[in-house]
$ cat entry_9.cif   # mmCIF, C-alpha atoms
data_my_file
#
loop_
_atom_site.label_atom_id
_atom_site.label_comp_id
_atom_site.auth_asym_id
_atom_site.auth_seq_id
_atom_site.Cartn_x
_atom_site.Cartn_y
_atom_site.Cartn_z
CA MET K 1 36.19 -12.52 8.68
CA PRO K 2 37.16 -15.39 11.12
CA ARG K 3 40.76 -15.46 12.49
CA PHE K 4 41.24 -19.11 11.55
CA PHE K 5 40.75 -18.13 7.90
CA PHE K 6 43.66 -15.65 8.08
CA GLY K 7 45.78 -18.32 9.77
CA PHE K 8 44.93 -20.72 6.97
CA LEU K 9 45.97 -18.21 4.34
CA ILE K 10 49.29 -17.43 6.09
CA LYS K 11 50.11 -21.12 6.42
CA ALA K 12 49.23 -21.75 2.80
CA GLU K 13 51.45 -18.88 1.73
CA MET K 14 54.42 -20.26 3.65
CA ASN K 15 53.97 -23.65 1.98
CA PHE K 16 53.86 -22.06 -1.45
CA LEU K 17 57.07 -20.13 -0.77
CA GLN K 18 58.86 -23.46 -0.50
CA LEU K 19 57.96 -24.36 -4.08
CA THR K 20 60.95 -24.51 -6.44
CA ASN K 21 58.97 -23.67 -9.52
CA LYS K 22 58.72 -19.86 -9.63
CA HIS K 23 55.91 -19.89 -12.14
CA ASP K 24 53.75 -22.16 -9.95
CA HIS K 25 54.47 -19.96 -6.95
CA MET K 26 53.24 -16.79 -8.65
CA LYS K 27 50.19 -18.60 -9.92
CA LYS K 28 49.31 -19.80 -6.42
CA VAL K 29 49.76 -16.29 -4.96
CA TYR K 30 47.42 -14.89 -7.61
CA TYR K 31 44.72 -17.40 -6.69
CA ILE K 32 45.13 -16.64 -2.98
CA LEU K 33 44.72 -12.89 -3.56
CA LEU K 34 41.66 -13.54 -5.70
CA LEU K 35 40.20 -15.74 -2.96
CA ILE K 36 40.75 -12.97 -0.38
CA VAL K 37 38.91 -10.47 -2.56
CA LEU K 38 35.98 -12.83 -3.13
CA VAL K 39 35.65 -13.67 0.56
CA ALA K 40 35.79 -9.98 1.55
CA HIS K 41 33.14 -9.13 -1.03
CA GLN K 42 30.83 -11.89 0.19
CA SER K 43 31.31 -10.74 3.78
CA CYS K 44 30.22 -7.19 2.81
CA MET K 45 27.20 -8.51 0.93
CA ASN K 46 26.11 -10.54 3.93
CA SER K 47 26.41 -7.46 6.15
CA VAL K 48 24.16 -5.47 3.80
CA ASN K 49 21.59 -8.26 3.59
CA ASP K 50 21.47 -8.51 7.37
CA VAL K 51 20.36 -4.85 7.72
CA ASP K 52 16.69 -4.58 8.69
CA PHE K 53 15.42 -1.56 6.76
CA PRO K 54 12.24 0.05 8.15
CA MET K 55 9.02 0.08 6.16
CA THR K 56 8.47 3.36 4.30
CA ILE K 57 5.98 4.91 1.87
CA LYS K 58 7.71 6.35 -1.17
CA ASN K 59 4.85 8.76 -1.99
CA SER K 60 4.20 9.67 1.65
CA GLU K 61 2.65 13.09 0.88
CA LEU K 62 -0.16 13.40 -1.68
CA THR K 63 -1.85 16.54 -2.99
CA MET K 64 -4.97 15.57 -4.92
CA PHE K 65 -8.20 16.89 -6.40
CA HIS K 66 -11.67 15.42 -5.99
CA GLY K 67 -12.00 12.21 -7.97
CA ASN K 68 -8.25 11.64 -8.40
CA THR K 69 -6.67 8.30 -7.48
CA GLU K 70 -3.10 7.28 -6.69
CA LYS K 71 -1.55 4.02 -5.51
CA LEU K 72 0.72 4.06 -2.49
CA ILE K 73 4.23 2.69 -3.02
CA VAL K 74 5.18 0.79 0.15
CA GLU K 75 8.80 -0.34 0.51
CA ASN K 76 10.30 -2.95 2.88
CA ALA K 77 6.95 -4.32 4.06
CA LYS K 78 7.37 -7.24 6.45
CA GLY K 79 4.39 -9.29 5.30
CA PHE K 80 0.66 -8.73 4.94
CA THR K 81 -0.09 -5.00 4.60
CA THR K 82 -3.25 -3.19 5.70
CA TYR K 83 -4.45 0.34 4.87
CA LYS K 84 -6.80 2.64 6.78
CA SER K 85 -7.94 6.24 6.31
CA THR K 86 -8.42 8.60 9.26
CA ASN K 87 -11.07 10.57 7.33
CA GLU K 88 -12.95 8.72 4.61
CA ASP K 89 -14.87 11.84 3.58
CA VAL K 90 -11.56 13.32 2.42
CA ALA K 91 -9.78 10.18 1.20
CA THR K 92 -10.54 6.47 1.04
CA VAL K 93 -8.06 3.67 0.45
CA SER K 94 -8.56 0.21 -1.02
CA PRO K 95 -7.11 -3.03 0.46
CA TYR K 96 -4.40 -2.73 -2.20
CA GLY K 97 -3.32 0.82 -1.33
CA MET K 98 -5.25 2.80 -3.97
CA VAL K 99 -6.13 6.23 -2.55
CA SER K 100 -9.24 8.05 -3.85
CA ALA K 101 -9.77 11.76 -3.18
CA GLY K 102 -13.11 12.97 -1.83
CA ILE K 103 -14.07 16.36 -0.40
CA LYS K 104 -11.63 19.16 0.38
CA GLY K 105 -9.58 18.57 3.52
CA GLU K 106 -6.77 16.54 5.05
CA ALA K 107 -6.48 12.87 5.99
CA ASN K 108 -3.84 10.32 6.93
CA ILE K 109 -3.54 6.87 5.41
CA ILE K 110 -2.21 4.47 8.05
CA VAL K 111 -0.20 1.57 6.61
CA GLU K 112 0.59 -1.42 8.85
CA SER K 113 2.75 -4.45 8.10
CA GLY K 114 3.97 -6.80 10.79
CA ALA K 115 4.86 -4.66 13.80
CA GLU K 116 5.60 -1.56 11.72
CA THR K 117 3.45 1.44 10.84
CA ALA K 118 3.90 4.18 8.24
CA VAL K 119 1.76 7.22 7.43
CA CYS K 120 0.85 8.96 4.18
CA LYS K 121 -0.49 12.53 4.45
CA VAL K 122 -3.23 13.39 1.95
CA LEU K 123 -4.35 16.93 1.07
CA VAL K 124 -7.41 17.24 -1.15
CA ASN K 125 -8.06 20.55 -2.91
CA THR K 126 -11.00 21.74 -4.96
CA THR K 127 -10.72 22.60 -8.64
CA ILE K 128 -13.20 25.46 -8.32
CA ASN K 129 -12.88 27.67 -5.24
CA HIS K 130 -15.24 30.51 -6.15
CA ILE K 131 -18.50 30.74 -8.08
CA VAL K 132 -20.02 34.15 -8.74
CA GLU K 133 -23.60 34.58 -7.52
CA PRO K 134 -26.03 35.19 -10.41
CA CYS K 135 -28.46 38.06 -10.51
CA VAL K 136 -31.56 37.05 -8.56
CA ASP K 137 -33.66 40.20 -8.88
CA PHE K 138 -36.87 38.24 -9.39
CA GLY K 139 -39.72 40.29 -10.79
CA SER K 140 -37.37 42.73 -12.52
CA ASP K 141 -38.09 43.42 -16.17
CA TYR K 142 -36.02 42.01 -19.03
CA GLU K 143 -34.05 45.16 -19.86
CA THR K 144 -33.16 45.83 -16.22
CA VAL K 145 -31.72 42.34 -15.77
CA LYS K 146 -29.94 42.51 -19.12
CA ASP K 147 -28.28 45.84 -18.27
CA LYS K 148 -27.18 44.47 -14.90
CA ILE K 149 -25.49 41.31 -16.17
CA LYS K 150 -24.22 42.23 -19.62
CA ASN K 151 -21.04 43.89 -18.37
CA ALA K 152 -20.17 41.04 -16.00
CA ALA K 153 -19.92 38.35 -18.68
CA GLU K 154 -20.92 37.40 -22.22
CA ILE K 155 -24.68 37.12 -22.75
CA THR K 156 -26.83 35.45 -25.42
CA GLU K 157 -30.49 36.33 -25.93
CA VAL K 158 -32.71 33.35 -26.80
CA ASN K 159 -36.52 33.61 -27.27
CA GLY K 160 -37.00 36.29 -24.66
CA ASN K 161 -34.58 34.69 -22.20
CA ILE K 162 -30.89 35.34 -21.47
CA VAL K 163 -27.94 32.95 -21.16
CA GLN K 164 -24.91 34.36 -19.37
CA THR K 165 -21.53 32.67 -19.85
CA ARG K 166 -18.77 33.03 -17.26
CA VAL K 167 -15.27 31.55 -17.17
CA ILE K 168 -14.22 30.89 -13.58
CA GLU K 169 -10.80 29.36 -12.90
CA ASN K 170 -10.61 28.03 -16.49
CA THR K 171 -14.04 26.39 -16.19
CA VAL K 172 -17.09 27.56 -18.17
CA PHE K 173 -20.31 28.22 -16.26
CA ARG K 174 -23.63 29.22 -17.82
CA TYR K 175 -26.60 30.86 -16.11
CA ALA K 176 -30.01 30.88 -17.78
CA TYR K 177 -32.32 33.76 -16.89
CA LEU K 178 -35.89 32.75 -17.71
CA PHE K 179 -38.64 35.35 -18.01
CA LYS K 180 -42.42 35.16 -17.95
CA GLU K 181 -44.42 38.08 -19.29
CA GLY K 182 -41.21 40.11 -19.34
CA LYS K 183 -40.39 39.54 -15.66
CA LEU K 184 -37.49 37.46 -14.25
CA LEU K 185 -38.96 34.22 -12.93
CA ILE K 186 -36.21 31.58 -12.76
CA VAL K 187 -32.39 31.51 -12.78
CA SER K 188 -30.87 28.16 -13.76
CA PHE K 189 -27.35 26.81 -13.78
CA LEU K 190 -26.52 25.00 -17.02
CA PRO K 191 -26.13 22.11 -17.06
CA GLY K 192 -27.75 21.21 -13.73
CA SER K 193 -30.73 21.76 -11.51
CA ILE K 194 -32.47 25.02 -10.77
CA ILE K 195 -30.47 27.21 -8.44
CA HIS K 196 -33.01 29.95 -7.72
CA SER K 197 -36.61 30.70 -8.46
CA ARG K 198 -38.90 33.50 -7.44
CA ASN K 199 -40.68 31.41 -4.84
CA ASN K 200 -37.79 29.22 -3.78
CA ARG K 201 -34.35 30.71 -3.23
CA ARG K 202 -32.56 27.46 -2.57
CA PHE K 203 -29.56 25.75 -4.08
CA PHE K 204 -30.44 22.28 -5.33
CA GLY K 205 -27.14 21.26 -6.94
#
$ encode --input "entry_9.cif" --output "structure tokens"
Amino acid sequence: MPRFFFGFLIKAEMNFLQLTNKHDHMKKVYYILLLIVLVAHQSCMNSVNDVDFPMTIKNSELTMFHGNTEKLIVENAKGFTTYKSTNEDVATVSPYGMVSAGIKGEANIIVESGAETAVCKVLVNTTINHIVEPCVDFGSDYETVKDKIKNAAEITEVNGNIVQTRVIENTVFRYAYLFKEGKLLIVSFLPGSIIHSRNNRRFFG
């Protein structure tokens, strides 16, 4: 607070002390004290407003699963804000700060505003981390395949074929074992494309 203001208050107080009316004197003192409080409060508010807070990202660390989205919360931006991903296979980001999770891995989202930069770390996990390999004993007879898979999971026999149901990490998977003339010919993943066949042991999904 400026020195001249204190001098003004002291001088004003001395003038009020010369008043003969006691009631007026007390009233004036009250107003002066109130004025001091108001000026001090305004001075503190101005000091707070003058602080230049750095730009930050409130949700600066994200753990996501494939397909999830989350909007970045940027605080104290100094103007136009841009977003960029260091690995768009793992995570992409829209011009408005919406992050979309891709494949498993790590990426950084770089946020720039004015001369400032902030970083959000993104970790993308997979919902399913392990899928059990089906029985692929092609050419084996029906009963042999059935005996081999029946203890591993629930099976259902349908028109000379077998459907095996597995629960892996709270997700249901079904394998269809298809036979021709009593011999295992094709193993399919339901729903989805053929995983294995007798002549083509490739994964198509």
$ atom_distance --input "entry_9.cif" --atom1 "CA of Val163 in chain K" --atom2 "CA of Cys135 in chain K"
11.8 Å
$ residues_around --input "entry_9.cif" --residues "Ser94 in chain K" --least-positions-apart "3" --cutoff "10 Å" --atoms "all atoms listed in the file" --output "list in words"
Lys71, Thr82, Tyr83, Lys84, Ser85, Gly97, Met98, Val99 and Ser100 of chain K
$ write_last_selection --input "entry_9.cif" --atoms "C-alpha atoms" --output "JSON list (two decimals), in the coordinates of the input"
[["chain", "number", "residue", "atom", "x", "y", "z"],
["K", 71, "LYS", "CA", -1.55, 4.02, -5.51],
["K", 82, "THR", "CA", -3.25, -3.19, 5.70],
["K", 83, "TYR", "CA", -4.45, 0.34, 4.87],
["K", 84, "LYS", "CA", -6.80, 2.64, 6.78],
["K", 85, "SER", "CA", -7.94, 6.24, 6.31],
["K", 97, "GLY", "CA", -3.32, 0.82, -1.33],
["K", 98, "MET", "CA", -5.25, 2.80, -3.97],
["K", 99, "VAL", "CA", -6.13, 6.23, -2.55],
["K", 100, "SER", "CA", -9.24, 8.05, -3.85]]
$ residues_around --input "entry_9.cif" --residues "Leu184 in chain K" --least-positions-apart "2" --cutoff "12 Å" --atoms "all atoms listed in the file" --output "list of chain:residue names"
K:Cys135, K:Val136, K:Asp137, K:Phe138, K:Gly139, K:Ser140, K:Asp141, K:Tyr142, K:Glu143, K:Thr144, K:Val145, K:Lys146, K:Gly160, K:Asn161, K:Ile162, K:Ala176, K:Tyr177, K:Leu178, K:Phe179, K:Lys180, K:Glu181, K:Gly182, K:Ile186, K:Val187, K:Ser188, K:His196, K:Ser197, K:Arg198, K:Asn199
$ atom_distance --input "entry_9.cif" --atom1 "CA of Val124 in chain K" --atom2 "CA of Leu190 in chain K"
26.0 Å
$ closest_residue --input "entry_9.cif" --among "K:Pro95, K:Cys120, K:Ile36, K:Ile109" --to "Lys58 in chain K" --atoms "all atoms listed in the file"
K:Cys120
$ resolve_selection --input "entry_9.cif" --expression "the PyMOL selection byres ((chain K and resi 125) around 6)" --output "number ranges by chain"
K: 65, 104, 124, 126
$ closest_residue --input "entry_9.cif" --among "K:Glu154, K:Glu116, K:Asp147, K:Glu106" --to "Val172 in chain K" --atoms "only C-alpha atoms"
K:Glu154
$ atom_distance --input "entry_9.cif" --atom1 "CA of Thr69 in chain K" --atom2 "CA of Leu123 in chain K"
12.4 Å
$ closest_residue --input "entry_9.cif" --among "K:Tyr175, K:Val122, K:Asn170, K:Phe80" --to "Ile155 in chain K" --atoms "only C-alpha atoms"
K:Tyr175
$ resolve_selection --input "entry_9.cif" --expression "the PyMOL selection byres ((chain K and resi 55) around 8)" --output "number ranges by chain"
K: 53-54, 56-57, 74-78, 113, 116-118
$ closest_residue --input "entry_9.cif" --among "K:Ile32, K:Ala101, K:Val167, K:Val132" --to "Thr63 in chain K" --atoms "all atoms listed in the file"
K:Ala101
$ closest_residue --input "entry_9.cif" --among "K:Thr165, K:Thr92, K:Thr86, K:Thr171" --to "Ala107 in chain K" --atoms "all atoms listed in the file"
K:Thr86
$ closest_residue --input "entry_9.cif" --among "K:Asp89, K:Glu70, K:Glu157, K:Asp52" --to "Gly105 in chain K" --atoms "all atoms listed in the file"
K:Asp89
$ build_atoms --input "entry_9.cif" --residues "range 83-108 of chain K" --atoms "N, CA and C atoms" --output "mmCIF file, in the coordinates of the input"
data_model
loop_
_atom_site.group_PDB
_atom_site.id
_atom_site.type_symbol
_atom_site.label_atom_id
_atom_site.label_comp_id
_atom_site.auth_asym_id
_atom_site.auth_seq_id
_atom_site.Cartn_x
_atom_site.Cartn_y
_atom_site.Cartn_z
ATOM 1 N N TYR K 83 -4.342 -1.105 5.091
ATOM 2 C CA TYR K 83 -4.450 0.340 4.870
ATOM 3 C C TYR K 83 -5.720 0.852 5.538
ATOM 4 N N LYS K 84 -5.633 2.043 6.129
ATOM 5 C CA LYS K 84 -6.800 2.640 6.780
ATOM 6 C C LYS K 84 -6.717 4.154 6.689
ATOM 7 N N SER K 85 -7.867 4.788 6.387
ATOM 8 C CA SER K 85 -7.940 6.240 6.310
ATOM 9 C C SER K 85 -8.480 6.810 7.620
ATOM 10 N N THR K 86 -7.927 7.954 8.046
ATOM 11 C CA THR K 86 -8.420 8.600 9.260
ATOM 12 C C THR K 86 -9.627 9.491 8.977
ATOM 13 N N ASN K 87 -9.902 9.755 7.695
ATOM 14 C CA ASN K 87 -11.070 10.570 7.330
ATOM 15 C C ASN K 87 -11.534 10.158 5.939
ATOM 16 N N GLU K 88 -12.510 9.269 5.892
ATOM 17 C CA GLU K 88 -12.950 8.720 4.610
ATOM 18 C C GLU K 88 -13.774 9.699 3.788
ATOM 19 N N ASP K 89 -14.223 10.803 4.380
ATOM 20 C CA ASP K 89 -14.870 11.840 3.580
ATOM 21 C C ASP K 89 -13.845 12.527 2.675
ATOM 22 N N VAL K 90 -12.641 12.660 3.174
ATOM 23 C CA VAL K 90 -11.560 13.320 2.420
ATOM 24 C C VAL K 90 -10.857 12.329 1.500
ATOM 25 N N ALA K 91 -10.512 11.164 2.009
ATOM 26 C CA ALA K 91 -9.780 10.180 1.200
ATOM 27 C C ALA K 91 -10.088 8.772 1.678
ATOM 28 N N THR K 92 -10.363 7.892 0.734
ATOM 29 C CA THR K 92 -10.540 6.470 1.040
ATOM 30 C C THR K 92 -9.357 5.708 0.463
ATOM 31 N N VAL K 93 -9.157 4.495 0.953
ATOM 32 C CA VAL K 93 -8.060 3.670 0.450
ATOM 33 C C VAL K 93 -8.527 2.232 0.329
ATOM 34 N N SER K 94 -8.160 1.595 -0.775
ATOM 35 C CA SER K 94 -8.560 0.210 -1.020
ATOM 36 C C SER K 94 -7.635 -0.750 -0.266
ATOM 37 N N PRO K 95 -8.000 -2.044 -0.191
ATOM 38 C CA PRO K 95 -7.110 -3.030 0.460
ATOM 39 C C PRO K 95 -5.772 -3.168 -0.236
ATOM 40 N N TYR K 96 -5.650 -2.616 -1.440
ATOM 41 C CA TYR K 96 -4.400 -2.730 -2.200
ATOM 42 C C TYR K 96 -3.627 -1.411 -2.241
ATOM 43 N N GLY K 97 -4.076 -0.421 -1.438
ATOM 44 C CA GLY K 97 -3.320 0.820 -1.330
ATOM 45 C C GLY K 97 -3.671 1.882 -2.352
ATOM 46 N N MET K 98 -4.831 1.769 -3.013
ATOM 47 C CA MET K 98 -5.250 2.800 -3.970
ATOM 48 C C MET K 98 -6.037 3.879 -3.235
ATOM 49 N N VAL K 99 -5.506 5.112 -3.248
ATOM 50 C CA VAL K 99 -6.130 6.230 -2.550
ATOM 51 C C VAL K 99 -7.045 6.982 -3.512
ATOM 52 N N SER K 100 -8.273 7.285 -3.054
ATOM 53 C CA SER K 100 -9.240 8.050 -3.850
ATOM 54 C C SER K 100 -9.599 9.323 -3.098
ATOM 55 N N ALA K 101 -9.510 10.475 -3.797
ATOM 56 C CA ALA K 101 -9.770 11.760 -3.180
ATOM 57 C C ALA K 101 -11.261 12.065 -3.138
ATOM 58 N N GLY K 102 -11.715 12.597 -1.996
ATOM 59 C CA GLY K 102 -13.110 12.970 -1.830
ATOM 60 C C GLY K 102 -13.267 14.467 -1.715
ATOM 61 N N ILE K 103 -13.840 14.929 -0.585
ATOM 62 C CA ILE K 103 -14.070 16.360 -0.400
ATOM 63 C C ILE K 103 -12.777 17.052 0.043
ATOM 64 N N LYS K 104 -12.803 18.373 -0.002
ATOM 65 C CA LYS K 104 -11.630 19.160 0.380
ATOM 66 C C LYS K 104 -11.300 18.938 1.850
ATOM 67 N N GLY K 105 -10.010 18.762 2.146
ATOM 68 C CA GLY K 105 -9.580 18.570 3.520
ATOM 69 C C GLY K 105 -8.291 17.774 3.604
ATOM 70 N N GLU K 106 -7.992 17.309 4.806
ATOM 71 C CA GLU K 106 -6.770 16.540 5.050
ATOM 72 C C GLU K 106 -7.113 15.199 5.709
ATOM 73 N N ALA K 107 -6.306 14.197 5.390
ATOM 74 C CA ALA K 107 -6.480 12.870 5.990
ATOM 75 C C ALA K 107 -5.134 12.166 6.013
ATOM 76 N N ASN K 108 -5.026 11.188 6.887
ATOM 77 C CA ASN K 108 -3.840 10.320 6.930
ATOM 78 C C ASN K 108 -4.229 8.911 6.515
#
